[in-house]
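Reproduced below: start_3.pdb, with PDB, C-alpha atoms.
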```
ATOM      1  CA  SER C   1     -71.427 -17.559  -1.141  1.00  0.00           C
ATOM      2  CA  GLU C   2     -73.407 -20.522   0.124  1.00  0.00           C
ATOM      3  CA  PHE C   3     -72.756 -19.546   3.719  1.00  0.00           C
ATOM      4  CA  LEU C   4     -74.336 -16.130   3.161  1.00  0.00           C
ATOM      5  CA  GLU C   5     -77.378 -17.816   1.621  1.00  0.00           C
ATOM      6  CA  LEU C   6     -77.694 -20.087   4.652  1.00  0.00           C
ATOM      7  CA  LEU C   7     -77.726 -17.063   6.936  1.00  0.00           C
ATOM      8  CA  GLU C   8     -80.999 -16.055   5.289  1.00  0.00           C
ATOM      9  CA  VAL C   9     -82.794 -19.270   6.311  1.00  0.00           C
ATOM     10  CA  VAL C  10     -81.165 -20.209   9.623  1.00  0.00           C
ATOM     11  CA  PRO C  11     -82.827 -18.613  12.657  1.00  0.00           C
ATOM     12  CA  PRO C  12     -80.736 -15.647  13.868  1.00  0.00           C
ATOM     13  CA  GLU C  13     -80.728 -17.015  17.416  1.00  0.00           C
ATOM     14  CA  SER C  14     -79.051 -20.184  16.153  1.00  0.00           C
ATOM     15  CA  ILE C  15     -76.358 -18.201  14.361  1.00  0.00           C
ATOM     16  CA  VAL C  16     -75.680 -16.133  17.475  1.00  0.00           C
ATOM     17  CA  TYR C  17     -75.578 -19.244  19.660  1.00  0.00           C
ATOM     18  CA  HIS C  18     -72.890 -20.829  17.488  1.00  0.00           C
ATOM     19  CA  ILE C  19     -70.867 -17.626  17.168  1.00  0.00           C
ATOM     20  CA  ARG C  20     -70.861 -17.126  20.933  1.00  0.00           C
ATOM     21  CA  ARG C  21     -69.667 -20.715  21.426  1.00  0.00           C
ATOM     22  CA  GLY C  22     -66.981 -20.183  18.791  1.00  0.00           C
ATOM     23  CA  ASP C  23     -68.316 -22.982  16.578  1.00  0.00           C
ATOM     24  CA  ILE C  24     -68.443 -20.933  13.380  1.00  0.00           C
ATOM     25  CA  GLN C  25     -65.042 -19.379  14.010  1.00  0.00           C
ATOM     26  CA  ASN C  26     -63.523 -22.805  14.665  1.00  0.00           C
ATOM     27  CA  TRP C  27     -65.054 -24.236  11.483  1.00  0.00           C
ATOM     28  CA  ILE C  28     -63.773 -21.325   9.397  1.00  0.00           C
ATOM     29  CA  SER C  29     -60.306 -21.544  10.915  1.00  0.00           C
ATOM     30  CA  THR C  30     -59.850 -25.318  10.770  1.00  0.00           C
ATOM     31  CA  THR C  31     -61.938 -26.407   7.788  1.00  0.00           C
ATOM     32  CA  LEU C  32     -61.586 -23.418   5.506  1.00  0.00           C
ATOM     33  CA  LEU C  33     -58.091 -22.618   6.830  1.00  0.00           C
ATOM     34  CA  TRP C  34     -58.993 -18.953   7.116  1.00  0.00           C
ATOM     35  CA  PRO C  35     -57.897 -17.794  10.588  1.00  0.00           C
ATOM     36  CA  GLU C  36     -58.076 -14.107   9.643  1.00  0.00           C
ATOM     37  CA  LEU C  37     -61.793 -14.381   8.868  1.00  0.00           C
ATOM     38  CA  SER C  38     -62.330 -16.396  12.023  1.00  0.00           C
ATOM     39  CA  HIS C  39     -60.663 -13.633  14.046  1.00  0.00           C
ATOM     40  CA  GLU C  40     -62.855 -10.941  12.450  1.00  0.00           C
ATOM     41  CA  ILE C  41     -66.003 -12.881  13.330  1.00  0.00           C
ATOM     42  CA  ASP C  42     -64.739 -13.477  16.853  1.00  0.00           C
ATOM     43  CA  LYS C  43     -64.582  -9.704  17.378  1.00  0.00           C
ATOM     44  CA  ILE C  44     -68.390  -9.478  17.201  1.00  0.00           C
ATOM     45  CA  ARG C  45     -69.219 -12.448  19.436  1.00  0.00           C
ATOM     46  CA  GLU C  46     -70.128 -10.320  22.477  1.00  0.00           C
ATOM     47  CA  ILE C  47     -72.708  -8.121  20.732  1.00  0.00           C
ATOM     48  CA  SER C  48     -75.880  -8.641  22.755  1.00  0.00           C
ATOM     49  CA  GLU C  49     -78.429  -7.603  20.121  1.00  0.00           C
ATOM     50  CA  VAL C  50     -79.160 -10.641  17.922  1.00  0.00           C
ATOM     51  CA  LYS C  51     -80.119  -8.760  14.756  1.00  0.00           C
ATOM     52  CA  LEU C  52     -77.119  -6.438  15.021  1.00  0.00           C
ATOM     53  CA  LEU C  53     -74.711  -9.353  15.431  1.00  0.00           C
ATOM     54  CA  VAL C  54     -76.151 -11.148  12.392  1.00  0.00           C
ATOM     55  CA  ARG C  55     -76.049  -7.931  10.344  1.00  0.00           C
ATOM     56  CA  LYS C  56     -72.384  -7.405  11.238  1.00  0.00           C
ATOM     57  CA  LEU C  57     -71.614 -11.049  10.402  1.00  0.00           C
ATOM     58  CA  LYS C  58     -73.192 -10.626   6.965  1.00  0.00           C
ATOM     59  CA  ARG C  59     -71.211  -7.421   6.432  1.00  0.00           C
ATOM     60  CA  ILE C  60     -67.944  -9.205   7.301  1.00  0.00           C
ATOM     61  CA  LEU C  61     -68.725 -12.094   4.958  1.00  0.00           C
ATOM     62  CA  LYS C  62     -69.755  -9.792   2.111  1.00  0.00           C
ATOM     63  CA  SER C  63     -66.556  -7.777   2.492  1.00  0.00           C
ATOM     64  CA  VAL C  64     -64.357 -10.861   2.119  1.00  0.00           C
ATOM     65  CA  LYS C  65     -66.493 -12.159  -0.744  1.00  0.00           C
ATOM     66  CA  SER C  66     -65.927  -8.964  -2.713  1.00  0.00           C
ATOM     67  CA  SER C  67     -62.184  -8.882  -1.972  1.00  0.00           C
TER      68      SER C  67
END
```
What would you get if you wrote out this structure as C-alpha cells?
Amino acid sequence: SEFLELLEVVPPESIVYHIRRGDIQNWISTTLLWPELSHEIDKIREISEVKLLVRKLKRILKSVKSS
C-alpha cells in the first residue's frame, strides 16, 4: 500500500504527532470510510515510545493489507 511506503520516508516523530492528534484516524475514517481501521490505530495512540508506536502501526496496516 502507498501509505505503508510513506511510513518508510516520513519521520517517525511526525507520524506519532499526527496519530496522537487523531489526524490519521480521522482521515482513514472519513476519507477512506474505514472506521474499524481508524479504531485499531486509535488503540495505539498513547504508546510513548516512538519506534514502538510506528512498528505497531505498520503491523496493523500490514494485517489489513493481507486480509
Give as a PyMOL selection string the residues that the PyMOL selection byres ((chain C and resi 53) around 10) matches when applied to the coordinates above.
-> chain C and resi 12-13+15-16+19+41+44-52+54-59
Using all atoms listed in the file, pick whichever of C:Lys62, C:Val9, C:Phe3, C:Ser14 has the shortest atom-to-atom distance to Trp27 in chain C.
->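 Checking each candidate against Trp27 in chain C, we get C:Phe3 as the closest.
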Selection: 12 Å around Ser38 in chain C, all atoms listed in the file, excl. self and same-chain fewer than 6 positions, as a ChimeraX atom specification | /C:19,22-32,44-45,57,60-61,64
Closest to Arg20 in chain C among C:Pro35, C:Asp42, C:Glu2, C:Ser63, using all atoms listed in the file?
->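 Once distances to Arg20 in chain C are computed over all atoms listed in the file, the minimum belongs to C:Asp42.
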Calculate how many Å separate CA of Pro11 in chain C from CA of Trp34 in chain C, rounding to one decimal.
->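 Taking CA of Pro11 in chain C as the start and CA of Trp34 in chain C as the end point, the length is 24.5 Å.
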From C:Lys65, C:Ser1, C:His18, C:Leu7, residue lying nearest Leu37 in chain C [all atoms listed in the file] =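 The shortest atom-to-atom distance to Leu37 in chain C comes from C:Lys65.
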